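Written out below as structure tokens is the structure these notes cover.
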Amino acid sequence: MDQTEALKPKYSTEKVPVIDFGPYLAGEPGALDRTAREAGEASEYLGFFFIKNHPVPQDLIDRMFAETARFHALPLERKLEVKVTPAENVGYLPQGGQTQLSYSKLYGESKHPDRSISYFVRKEYPADHPERLAGRPWVSNNRWPRDLPGFRETCLEYFTALAAVARQVLTLHSVALGLGRDTLTQHDAFCKDAYTLRLLDYPPRDPALEGQWGIGPHSDYGYGALLAQAKVPGLEVLTRANEWIQAPAMEGHLLFNCGDFAHRWSNGRYRAAPHRVVNYSGVHRNSVVYFVNPRGDVSMDCFASCKSADAPPKFETTSFGEYITMLRKTNHTLKD
Ligand SMILES: [Fe+2]
């Protein structure tokens with residue numbers, strides 16, 4: 001075994017914590033503070049937690065997975081009609097369109113472009129919406145495939161349902177960080193639902209392409225992500241002990257993970273855990289991810305409760321938009 005191989009993380013028996021949102025959502029006395037404490041601890045330690053008893057109907061999740069498979073099964077030329085544009089990351093991103101290099105030196109060099117295929121949806125703003133007419137920077141132009149009845153409606157229904165869960169997690173973080181219950185949900189950074197829905201297809205791993213990931217090791221760029229549970233496993237999370245957890249597919253649960261902005265704006269308190277995807281299954285793996293991204297144009301050094309004279313901000317003041325622009329230059333392209 002060479003030295004690089006010896007440094008590679010091993011697999012762990014550590015578990016992703018499960019947090020029951022039921023009592024909190026039912027408004028039971030004391031449940032908000034208790035659930036916030038659990039969410040805060042999980043966000044600090046591993047940076048990932050399962051949400052049990054979330055409010056999204058399983059029927060809607062099942063329909064979203066069915067529509068994801070339906071979209072990715074379209075002929076390539078149909079999908080290319082709605083390909084992402086250089087100006088906006090909405091629509092279809094073909095295989096090889098994105099390759100994560102953020103942690104590849106540490107946790108496994110990407111030898112080929114990532115194998116994932118994606119379709120991105122943002123909040124829908126009708127043609128006559130005042131914020132579209134005003135040219136607000138958070139208004140995107142969704143690129144819907146033609147002749148796929150029901151696809152758009154299911155995406156938008158799912159988008160709205162997950163925005164509610166995002167607000168619940170932000171509320172819990174807000175309480176856990178001592179900011180006051182509504183501070184994050186009412187903050188400019190989050191008040192315009194600048195979230196992104198990503199519908200993924202991971203074709204089976206190709207043994208001939210050794211060193212290729214579904215998605216290479218990375219942390220998420222935004223505030224966090226809500227992941228519906230795929231039927232086929234493949235997600236792996238790095239622990240603080242530098243070992244990989246193979247995240248189980250927990251039926252009926254959502255999985256939340258903190259991203260770079262939860263880490264930066266909590267002044268390093270919340271952990272943006274490196275994670276990766278590889279599909280060993282031999283069949284296509286679909287995944288439905290909802291990115292809880294801040295608005296692109298809001299800058300902040302960190303939350304007021306996370307800094308003091310003794311603990312000054314560790315990260316430079318930046319907006320999500322500036323951060324993404326910087327990362328896209330370094331993180332997404334293999335040099336060859
Ligand atoms: Fe990710």
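Naming works like this for the structure tokens: A, B, ... for the chains as they're shown, residue 1 at the start of each chain, ligands 1 onward in shown order.
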Exercise. For ligand 1, list the contacting residues at 8 Å or closer, counting only C-alpha atoms and all ligand atoms, as a VMD selection string.
Key: chain A and resid 215 218 to 220 225 274 to 276
Quiz item: Tell me, which residues of range 38-268 of chain A carry DSSP strand (DSSP E or B), written as an NGL selection string?
Solution: :A and (48-52 or 83 or 91-93 or 117-122 or 196-202 or 215-218 or 224-228 or 235-238 or 244-246 or 254-258)
Grab the residues selected above and save them as a PDB file, in the first residue's frame with C-alpha atoms.
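The resulting file, part-v4.pdb, is reproduced below:
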```pdb
ATOM      1  CA  PHE A  48     -25.820  16.075   8.879  1.00  0.00           C
ATOM      2  CA  PHE A  49     -29.082  14.917  10.475  1.00  0.00           C
ATOM      3  CA  PHE A  50     -32.164  12.979   9.426  1.00  0.00           C
ATOM      4  CA  ILE A  51     -35.545  14.675   9.929  1.00  0.00           C
ATOM      5  CA  LYS A  52     -38.258  12.325  11.175  1.00  0.00           C
ATOM      6  CA  LYS A  83     -29.669  23.038 -21.208  1.00  0.00           C
ATOM      7  CA  GLY A  91     -32.291  23.598 -16.615  1.00  0.00           C
ATOM      8  CA  TYR A  92     -30.370  20.539 -17.784  1.00  0.00           C
ATOM      9  CA  LEU A  93     -26.700  19.942 -16.968  1.00  0.00           C
ATOM     10  CA  ILE A 117     -26.524  14.398 -14.659  1.00  0.00           C
ATOM     11  CA  SER A 118     -28.730  17.201 -13.295  1.00  0.00           C
ATOM     12  CA  TYR A 119     -31.808  19.304 -13.845  1.00  0.00           C
ATOM     13  CA  PHE A 120     -32.111  22.546 -11.843  1.00  0.00           C
ATOM     14  CA  VAL A 121     -35.296  24.426 -10.890  1.00  0.00           C
ATOM     15  CA  ARG A 122     -35.553  27.778  -9.088  1.00  0.00           C
ATOM     16  CA  THR A 196     -32.634  25.522  -5.868  1.00  0.00           C
ATOM     17  CA  LEU A 197     -34.166  22.115  -6.581  1.00  0.00           C
ATOM     18  CA  ARG A 198     -31.763  19.657  -8.231  1.00  0.00           C
ATOM     19  CA  LEU A 199     -33.028  16.432  -9.797  1.00  0.00           C
ATOM     20  CA  LEU A 200     -30.130  14.050 -10.296  1.00  0.00           C
ATOM     21  CA  ASP A 201     -29.445  10.906 -12.257  1.00  0.00           C
ATOM     22  CA  TYR A 202     -26.384   8.815 -11.429  1.00  0.00           C
ATOM     23  CA  ILE A 215     -20.074  13.554  -7.372  1.00  0.00           C
ATOM     24  CA  GLY A 216     -16.563  13.953  -6.012  1.00  0.00           C
ATOM     25  CA  PRO A 217     -15.890  14.855  -2.357  1.00  0.00           C
ATOM     26  CA  HIS A 218     -17.174  18.364  -1.616  1.00  0.00           C
ATOM     27  CA  GLY A 224     -27.550  23.755   3.570  1.00  0.00           C
ATOM     28  CA  ALA A 225     -29.416  21.062   1.680  1.00  0.00           C
ATOM     29  CA  LEU A 226     -32.516  18.913   2.207  1.00  0.00           C
ATOM     30  CA  LEU A 227     -32.229  15.508   0.601  1.00  0.00           C
ATOM     31  CA  ALA A 228     -35.173  13.242  -0.098  1.00  0.00           C
ATOM     32  CA  LEU A 235     -24.128   8.973  -0.412  1.00  0.00           C
ATOM     33  CA  GLU A 236     -21.087   8.932   1.866  1.00  0.00           C
ATOM     34  CA  VAL A 237     -20.310  11.519   4.579  1.00  0.00           C
ATOM     35  CA  LEU A 238     -16.934  12.216   6.183  1.00  0.00           C
ATOM     36  CA  TRP A 244     -16.682   7.712   5.750  1.00  0.00           C
ATOM     37  CA  ILE A 245     -20.270   6.944   6.768  1.00  0.00           C
ATOM     38  CA  GLN A 246     -22.378   5.252   4.104  1.00  0.00           C
ATOM     39  CA  LEU A 254     -35.451  13.909   4.914  1.00  0.00           C
ATOM     40  CA  LEU A 255     -31.708  14.416   5.373  1.00  0.00           C
ATOM     41  CA  PHE A 256     -30.399  17.907   6.152  1.00  0.00           C
ATOM     42  CA  ASN A 257     -26.776  18.955   5.902  1.00  0.00           C
ATOM     43  CA  CYS A 258     -25.081  22.259   6.624  1.00  0.00           C
TER      44      CYS A 258
END
```
Exercise. Provide the CA of Glu67 in chain A to CA of Gln168 in chain A distance in Å, to one decimal place.
Key: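 CA of Gln168 in chain A lies at a distance of 25.7 Å from CA of Glu67 in chain A.
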Exercise. Kindly indicate which residue among A:Tyr223, A:Trp144, A:Phe291, A:Tyr11 lies nearest to Ala272 in chain A, using only C-alpha atoms for the distances.
Key: A:Tyr223
Quiz prompt | A:Glu316, A:Glu157, A:Asp188, A:Glu88 ranked by distance to Ser140 in chain A, top pick (using only C-alpha atoms) | solution =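 Among A:Glu316, A:Glu157, A:Asp188, A:Glu88, it is A:Glu88 that comes nearest to Ser140 in chain A.
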Quiz item: Pick from A:Pro57, A:Pro137, A:Pro113, A:Pro130: nearest to Trp213 in chain A, with only C-alpha atoms counted?
Solution: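 Using only C-alpha atoms, Trp213 in chain A sits closest to A:Pro113.
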Exercise. Go through A:Leu184, A:Met326, A:Val139, A:Cys306 and flag the residue nearest Pro126 in chain A, using only C-alpha atoms for the distances.
Key: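 When distances to Pro126 in chain A are compared using only C-alpha atoms, the smallest one comes from A:Val139.
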Quiz prompt | Distance in Å - CA of Asp33 in chain A versus CA of Tyr158 in chain A | solution =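 Result for CA of Asp33 in chain A versus CA of Tyr158 in chain A: 27.8 Å, one decimal.
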Self-check item: Shell of 10 Å around Glu41 in chain A, only C-alpha atoms, local chain residues under 6 positions omitted, as a PyMOL selection string
Solution: chain A and resi 17+35+47+49+173+176+269-270
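For the pair CA of Glu251 in chain A and CA of Gln229 in chain A, the separation is 6.4 Å.
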